[in-house]
Amino acid sequence: MKGVVFTEFLEMVDDKFSPEVTERIIDNADLASNGAYTAVGTYDHTELVKLVVNLAAETGAEVPDLVRVFGEHFFHRLVALYPHFVDDDQDVFAFLESVENYIHIEVRKLYPDADLPSVKTERPGDGEMILMYESKRCLADAAHGLILGCLDYFNVKDKVSIDRHDESEGKGSRVRFKLSKAA
Amino acid sequence: MDIGTLEKRLAREKAARCEAESLLEAKSRELFLSNKELLKASQTLIGQSQQLNAVFDQALTVILLTDADGSIQRANRSAEMTFGREANKLKATSVYDLLDNGSREAAIEMERQRDPAKKFTTVGNMQEMVGLRADNTPFPLELAVSVFELEGKRHGVWICRDITARKEAEEKQLRLEQELRQAQKLESLGTLASGIAHEINTPIQYINDNAHFLKESFEDLMSVFQAYDVLLQKADAEEQFKEQVGAVRANAESADVDFLKEEIPSSIDQTLDGIERISKIVTAVKEFSHPGTTEMTAIDMNQAIETTLSVTRNEWKYVAEVETAFEQSLPMVPCLPGDINQVIMNLIVNAAHAIESKGGDGLGQITIKTQHTDNNVEISVTDTGCGIPEANRGQIFDPFFTTKEVGKGTGQGLSIAFNIVTQKHDGTLSFTTEEGVGTTFTITLPASPAAEMKAETKEAV
């Protein structure tokens, strides 16, 4: 997993909790990297899982909730870091369609070894979109958070509902998100 | 943030920076190696591309690359030269426009035979077709078409070869074979004619002797007849011989003796004339079919022309009258008699054909003159025929050039004559002509001993 995910996660913990909490979850996670991340590096994704689990223990919050919050936060950070990927005049569904067909292609140009999730979309009807997330890392909650961040960025969070259905027996490796715009 | 936390963060940031630097170095190295490989690959590709371009441009065969519609996308130098069109003009051309109508249909048919399932197909073998140069001149070519697909688009590769030279060589060989067969036939006929001439000579000789004998005997008989006439006149005066005289006169009248006395001498003279002509023809045939030598020999040119006129009489007697104007003091001319006979014969026969070709009611005129100028002997053959059109004047000495109808000429006569006169005798063969008026061919042969020596040396080499 790319280092930017780790650096942004730790930034979020700093912001939303405190630097002391960040240091504690690093100490308690017993990480191979010792929590020394650089955005351009690549690290084992299980380190993120350990950090989240320790953050849940530290704060008493649920892991899925924390991951979803991180996803939402991460979307805004990605927009700040890579603004050229987002066209403000774009429709939210059009943006989500561009994730697989444009953004992931551009990411692979920068990081050919990046192991990205599959994000396939289809539009079954007017105002509807099916987004199918698939990844062996089982980070459907992060995907959910990213979608929420996206809806927030496009100011349609109140106008689009998300119906989530796990098609991998709760593992979170293959999850179907149905997005419906309010009539 | 307390000091402990700050120290931890500092330590982590240092470690992260070291890792980032290592990553940067690794990426820099990867980039360098990747660039190096790319450069190498690009140089290899440039080399291969240059090699392919050189092969494409230097190929002796025509190579045309077309799109699916047959529009030429690329043409090599051989294509420019063969079709006589510049590369940029070829590019805008449909490949089918480089063929004549018949070949165009055949080429389209060739492409139809392609198996659409195959991405690369060579359609059939090389086929002979007719190409068109820039000025629409047709020429023979061999064509093979390959079809291939690249990035979902169909392309064609046309490989052509101009086979004009090969065709000409084949035609020339065929004509030479025909010529050889004809020459062998003529040689056989010459041998046969020579044999017949020899056989005819003996009976002619005794017919001639007998005719002379009859002529002389009849002159003797005429003196006897004159004595009989005197006797008859005297007997007329005697009554006692009246009956016998009457009977003799009746017999004489019945036999038409007066007529016989008048006509028999001229009949014998005509017979002798005929025999002399037969004898002359037989001698000419013998001389012509066996000129006697292949070495330079000094000959009486006037006599040689007379002989050739006799032999060719059948060719000209129905279309022309022949007039000769020979210089009587013409020196002997060193030459190859058989070859010179052939040259004169070709010119006489051509003159007759030219007169025949012009048409008209009366007979034309062939005039043959000989004269001596400085160290040369000139022989001119003039006809009142159709003349030579301006467009053909540059080609009449070319091998196989003929305007005569099929079966009447092979186009070799003047070419052979030119070769014999200029190459074998160091002479010249020229002509003046006016369309519709006639043509004069003039042969100039060296008459000096020096020329003879030169010709002999050439023959020996």
# chains A, B, ... in the order shown; residues from 1 in each chain; ligands from 1
call {"tool": "residues_around", "arguments": {"residues": "range 111-115 of chain A", "least_positions_apart": "6", "cutoff": "9 Å", "atoms": "only C-alpha atoms", "output": "count of residues only"}}
result
4
call {"tool": "residues_around", "arguments": {"residues": "range 351-353 of chain B", "least_positions_apart": "2", "cutoff": "10 Å", "atoms": "only C-alpha atoms", "output": "count of residues only"}}
result
37
call {"tool": "interface_residues", "arguments": {"of": "chain B", "to": "chain A", "cutoff": "10 Å", "atoms": "only C-alpha atoms", "output": "PyMOL selection string"}}
result
chain B and resi 1-2+4-6+8-24
call {"tool": "write_last_selection", "arguments": {"atoms": "N, CA, C and O atoms", "output": "PDB file, in the first residue's frame"}}
result
ATOM      1  N   MET B   1       2.713  19.456  22.675  1.00  0.00           N
ATOM      2  CA  MET B   1       3.407  18.192  22.444  1.00  0.00           C
ATOM      3  C   MET B   1       4.634  18.134  23.355  1.00  0.00           C
ATOM      4  O   MET B   1       5.412  19.080  23.390  1.00  0.00           O
ATOM      5  N   ASP B   2       4.752  17.034  24.104  1.00  0.00           N
ATOM      6  CA  ASP B   2       5.891  16.970  25.014  1.00  0.00           C
ATOM      7  C   ASP B   2       7.175  16.592  24.267  1.00  0.00           C
ATOM      8  O   ASP B   2       7.153  16.171  23.097  1.00  0.00           O
ATOM      9  N   GLY B   4       9.229  14.164  24.656  1.00  0.00           N
ATOM     10  CA  GLY B   4       9.360  12.738  24.276  1.00  0.00           C
ATOM     11  C   GLY B   4       8.711  12.472  22.934  1.00  0.00           C
ATOM     12  O   GLY B   4       9.272  11.791  22.070  1.00  0.00           O
ATOM     13  N   THR B   5       7.481  13.035  22.781  1.00  0.00           N
ATOM     14  CA  THR B   5       6.751  12.841  21.520  1.00  0.00           C
ATOM     15  C   THR B   5       7.516  13.463  20.361  1.00  0.00           C
ATOM     16  O   THR B   5       7.645  12.865  19.278  1.00  0.00           O
ATOM     17  N   LEU B   6       8.019  14.655  20.607  1.00  0.00           N
ATOM     18  CA  LEU B   6       8.771  15.351  19.554  1.00  0.00           C
ATOM     19  C   LEU B   6      10.005  14.562  19.126  1.00  0.00           C
ATOM     20  O   LEU B   6      10.327  14.457  17.938  1.00  0.00           O
ATOM     21  N   LYS B   8      10.406  11.345  19.350  1.00  0.00           N
ATOM     22  CA  LYS B   8       9.961  10.174  18.563  1.00  0.00           C
ATOM     23  C   LYS B   8       9.669  10.578  17.112  1.00  0.00           C
ATOM     24  O   LYS B   8      10.039   9.888  16.154  1.00  0.00           O
ATOM     25  N   ARG B   9       8.960  11.698  17.000  1.00  0.00           N
ATOM     26  CA  ARG B   9       8.576  12.167  15.648  1.00  0.00           C
ATOM     27  C   ARG B   9       9.823  12.479  14.806  1.00  0.00           C
ATOM     28  O   ARG B   9       9.886  12.148  13.631  1.00  0.00           O
ATOM     29  N   LEU B  10      10.799  13.138  15.496  1.00  0.00           N
ATOM     30  CA  LEU B  10      12.022  13.495  14.794  1.00  0.00           C
ATOM     31  C   LEU B  10      12.729  12.234  14.275  1.00  0.00           C
ATOM     32  O   LEU B  10      13.183  12.180  13.105  1.00  0.00           O
ATOM     33  N   ALA B  11      12.792  11.235  15.172  1.00  0.00           N
ATOM     34  CA  ALA B  11      13.455   9.984  14.787  1.00  0.00           C
ATOM     35  C   ALA B  11      12.734   9.349  13.592  1.00  0.00           C
ATOM     36  O   ALA B  11      13.360   8.862  12.641  1.00  0.00           O
ATOM     37  N   ARG B  12      11.372   9.363  13.635  1.00  0.00           N
ATOM     38  CA  ARG B  12      10.595   8.763  12.539  1.00  0.00           C
ATOM     39  C   ARG B  12      10.788   9.531  11.222  1.00  0.00           C
ATOM     40  O   ARG B  12      10.944   8.958  10.151  1.00  0.00           O
ATOM     41  N   GLU B  13      10.767  10.849  11.383  1.00  0.00           N
ATOM     42  CA  GLU B  13      10.915  11.674  10.167  1.00  0.00           C
ATOM     43  C   GLU B  13      12.273  11.450   9.510  1.00  0.00           C
ATOM     44  O   GLU B  13      12.390  11.395   8.283  1.00  0.00           O
ATOM     45  N   LYS B  14      13.353  11.308  10.390  1.00  0.00           N
ATOM     46  CA  LYS B  14      14.686  11.053   9.858  1.00  0.00           C
ATOM     47  C   LYS B  14      14.717   9.736   9.096  1.00  0.00           C
ATOM     48  O   LYS B  14      15.267   9.625   7.997  1.00  0.00           O
ATOM     49  N   ALA B  15      14.079   8.724   9.738  1.00  0.00           N
ATOM     50  CA  ALA B  15      14.053   7.391   9.101  1.00  0.00           C
ATOM     51  C   ALA B  15      13.292   7.451   7.784  1.00  0.00           C
ATOM     52  O   ALA B  15      13.715   6.873   6.767  1.00  0.00           O
ATOM     53  N   ALA B  16      12.158   8.207   7.827  1.00  0.00           N
ATOM     54  CA  ALA B  16      11.349   8.321   6.596  1.00  0.00           C
ATOM     55  C   ALA B  16      12.139   9.052   5.506  1.00  0.00           C
ATOM     56  O   ALA B  16      12.079   8.673   4.327  1.00  0.00           O
ATOM     57  N   ARG B  17      12.899  10.088   5.935  1.00  0.00           N
ATOM     58  CA  ARG B  17      13.676  10.840   4.936  1.00  0.00           C
ATOM     59  C   ARG B  17      14.744   9.941   4.301  1.00  0.00           C
ATOM     60  O   ARG B  17      14.940   9.951   3.091  1.00  0.00           O
ATOM     61  N   CYS B  18      15.424   9.147   5.165  1.00  0.00           N
ATOM     62  CA  CYS B  18      16.442   8.223   4.635  1.00  0.00           C
ATOM     63  C   CYS B  18      15.822   7.274   3.619  1.00  0.00           C
ATOM     64  O   CYS B  18      16.398   6.999   2.558  1.00  0.00           O
ATOM     65  N   GLU B  19      14.610   6.782   3.989  1.00  0.00           N
ATOM     66  CA  GLU B  19      13.948   5.828   3.090  1.00  0.00           C
ATOM     67  C   GLU B  19      13.575   6.508   1.771  1.00  0.00           C
ATOM     68  O   GLU B  19      13.754   5.951   0.690  1.00  0.00           O
ATOM     69  N   ALA B  20      13.067   7.757   1.922  1.00  0.00           N
ATOM     70  CA  ALA B  20      12.681   8.504   0.719  1.00  0.00           C
ATOM     71  C   ALA B  20      13.890   8.740  -0.177  1.00  0.00           C
ATOM     72  O   ALA B  20      13.813   8.619  -1.413  1.00  0.00           O
ATOM     73  N   GLU B  21      15.057   9.038   0.449  1.00  0.00           N
ATOM     74  CA  GLU B  21      16.282   9.259  -0.340  1.00  0.00           C
ATOM     75  C   GLU B  21      16.720   7.985  -1.061  1.00  0.00           C
ATOM     76  O   GLU B  21      17.126   8.009  -2.221  1.00  0.00           O
ATOM     77  N   SER B  22      16.610   6.857  -0.283  1.00  0.00           N
ATOM     78  CA  SER B  22      16.970   5.573  -0.900  1.00  0.00           C
ATOM     79  C   SER B  22      16.066   5.286  -2.095  1.00  0.00           C
ATOM     80  O   SER B  22      16.513   4.838  -3.157  1.00  0.00           O
ATOM     81  N   LEU B  23      14.757   5.556  -1.843  1.00  0.00           N
ATOM     82  CA  LEU B  23      13.789   5.325  -2.936  1.00  0.00           C
ATOM     83  C   LEU B  23      14.119   6.195  -4.147  1.00  0.00           C
ATOM     84  O   LEU B  23      14.078   5.739  -5.295  1.00  0.00           O
ATOM     85  N   LEU B  24      14.466   7.454  -3.849  1.00  0.00           N
ATOM     86  CA  LEU B  24      14.789   8.384  -4.932  1.00  0.00           C
ATOM     87  C   LEU B  24      16.002   7.884  -5.734  1.00  0.00           C
ATOM     88  O   LEU B  24      15.996   7.898  -6.969  1.00  0.00           O
TER      89      LEU B  24
END
call {"tool": "select_by_dssp", "arguments": {"residues": "range 23-126 of chain A", "states": "alpha helix (DSSP H)", "output": "PyMOL selection string"}}
result
chain A and resi 23-29+46-59+63-81+92-98+104-110
call {"tool": "atom_distance", "arguments": {"atom1": "CA of Ala79 in chain B", "atom2": "CA of Arg112 in chain B"}}
result
23.8 Å
call {"tool": "residues_around", "arguments": {"residues": "Asp163 in chain A", "least_positions_apart": "3", "cutoff": "8 Å", "atoms": "only C-alpha atoms", "output": "PDB file with C-alpha atoms, in the first residue's frame"}}
result
ATOM      1  CA  PHE A 177     -22.614   0.205  -3.734  1.00  0.00           C
ATOM      2  CA  LYS A 178     -25.857   1.441  -5.224  1.00  0.00           C
ATOM      3  CA  LEU A 179     -25.981   5.230  -5.423  1.00  0.00           C
TER       4      LEU A 179
END
call {"tool": "atom_distance", "arguments": {"atom1": "CA of Gly427 in chain B", "atom2": "CA of Thr444 in chain B"}}
result
5.4 Å
call {"tool": "residues_around", "arguments": {"residues": "range 74-88 of chain A", "least_positions_apart": "4", "cutoff": "10 Å", "atoms": "only C-alpha atoms", "output": "PyMOL selection string"}}
result
chain A and resi 4-5+8-9+12+68-70+92+94-95+98-99+102-103+106+142-143+145-154
call {"tool": "write_last_selection", "arguments": {"atoms": "C-alpha atoms", "output": "PDB file, in the first residue's frame"}}
result
ATOM      1  CA  VAL A   4       0.595   8.407   1.292  1.00  0.00           C
ATOM      2  CA  VAL A   5      -2.264   6.399   2.842  1.00  0.00           C
ATOM      3  CA  GLU A   8      -2.466  10.830   5.689  1.00  0.00           C
ATOM      4  CA  PHE A   9      -3.897   8.431   8.250  1.00  0.00           C
ATOM      5  CA  MET A  12      -5.803  12.569  10.538  1.00  0.00           C
ATOM      6  CA  ARG A  68     -14.883   5.062   6.831  1.00  0.00           C
ATOM      7  CA  VAL A  69     -14.035   8.358   8.479  1.00  0.00           C
ATOM      8  CA  PHE A  70     -10.474   8.000   7.261  1.00  0.00           C
ATOM      9  CA  VAL A  92     -20.404  13.234  -9.260  1.00  0.00           C
ATOM     10  CA  ALA A  94     -19.017  11.114 -14.040  1.00  0.00           C
ATOM     11  CA  PHE A  95     -16.209  11.605 -11.543  1.00  0.00           C
ATOM     12  CA  SER A  98     -13.307   8.367 -14.104  1.00  0.00           C
ATOM     13  CA  VAL A  99     -11.715   6.642 -11.074  1.00  0.00           C
ATOM     14  CA  TYR A 102      -8.628   7.741 -15.785  1.00  0.00           C
ATOM     15  CA  ILE A 103      -7.341   8.232 -12.229  1.00  0.00           C
ATOM     16  CA  GLU A 106      -2.597   8.037 -14.089  1.00  0.00           C
ATOM     17  CA  ALA A 142     -12.355   2.839   3.158  1.00  0.00           C
ATOM     18  CA  ALA A 143     -14.093   2.768  -0.255  1.00  0.00           C
ATOM     19  CA  GLY A 145     -15.617   6.632   3.148  1.00  0.00           C
ATOM     20  CA  LEU A 146     -14.070   7.757  -0.118  1.00  0.00           C
ATOM     21  CA  ILE A 147     -17.527   7.755  -1.777  1.00  0.00           C
ATOM     22  CA  LEU A 148     -18.871   9.813   1.103  1.00  0.00           C
ATOM     23  CA  GLY A 149     -15.969  12.245   0.765  1.00  0.00           C
ATOM     24  CA  CYS A 150     -16.692  12.518  -2.930  1.00  0.00           C
ATOM     25  CA  LEU A 151     -20.401  13.252  -2.368  1.00  0.00           C
ATOM     26  CA  ASP A 152     -19.389  15.842   0.188  1.00  0.00           C
ATOM     27  CA  TYR A 153     -16.915  17.461  -2.180  1.00  0.00           C
ATOM     28  CA  PHE A 154     -19.558  17.747  -4.889  1.00  0.00           C
TER      29      PHE A 154
END
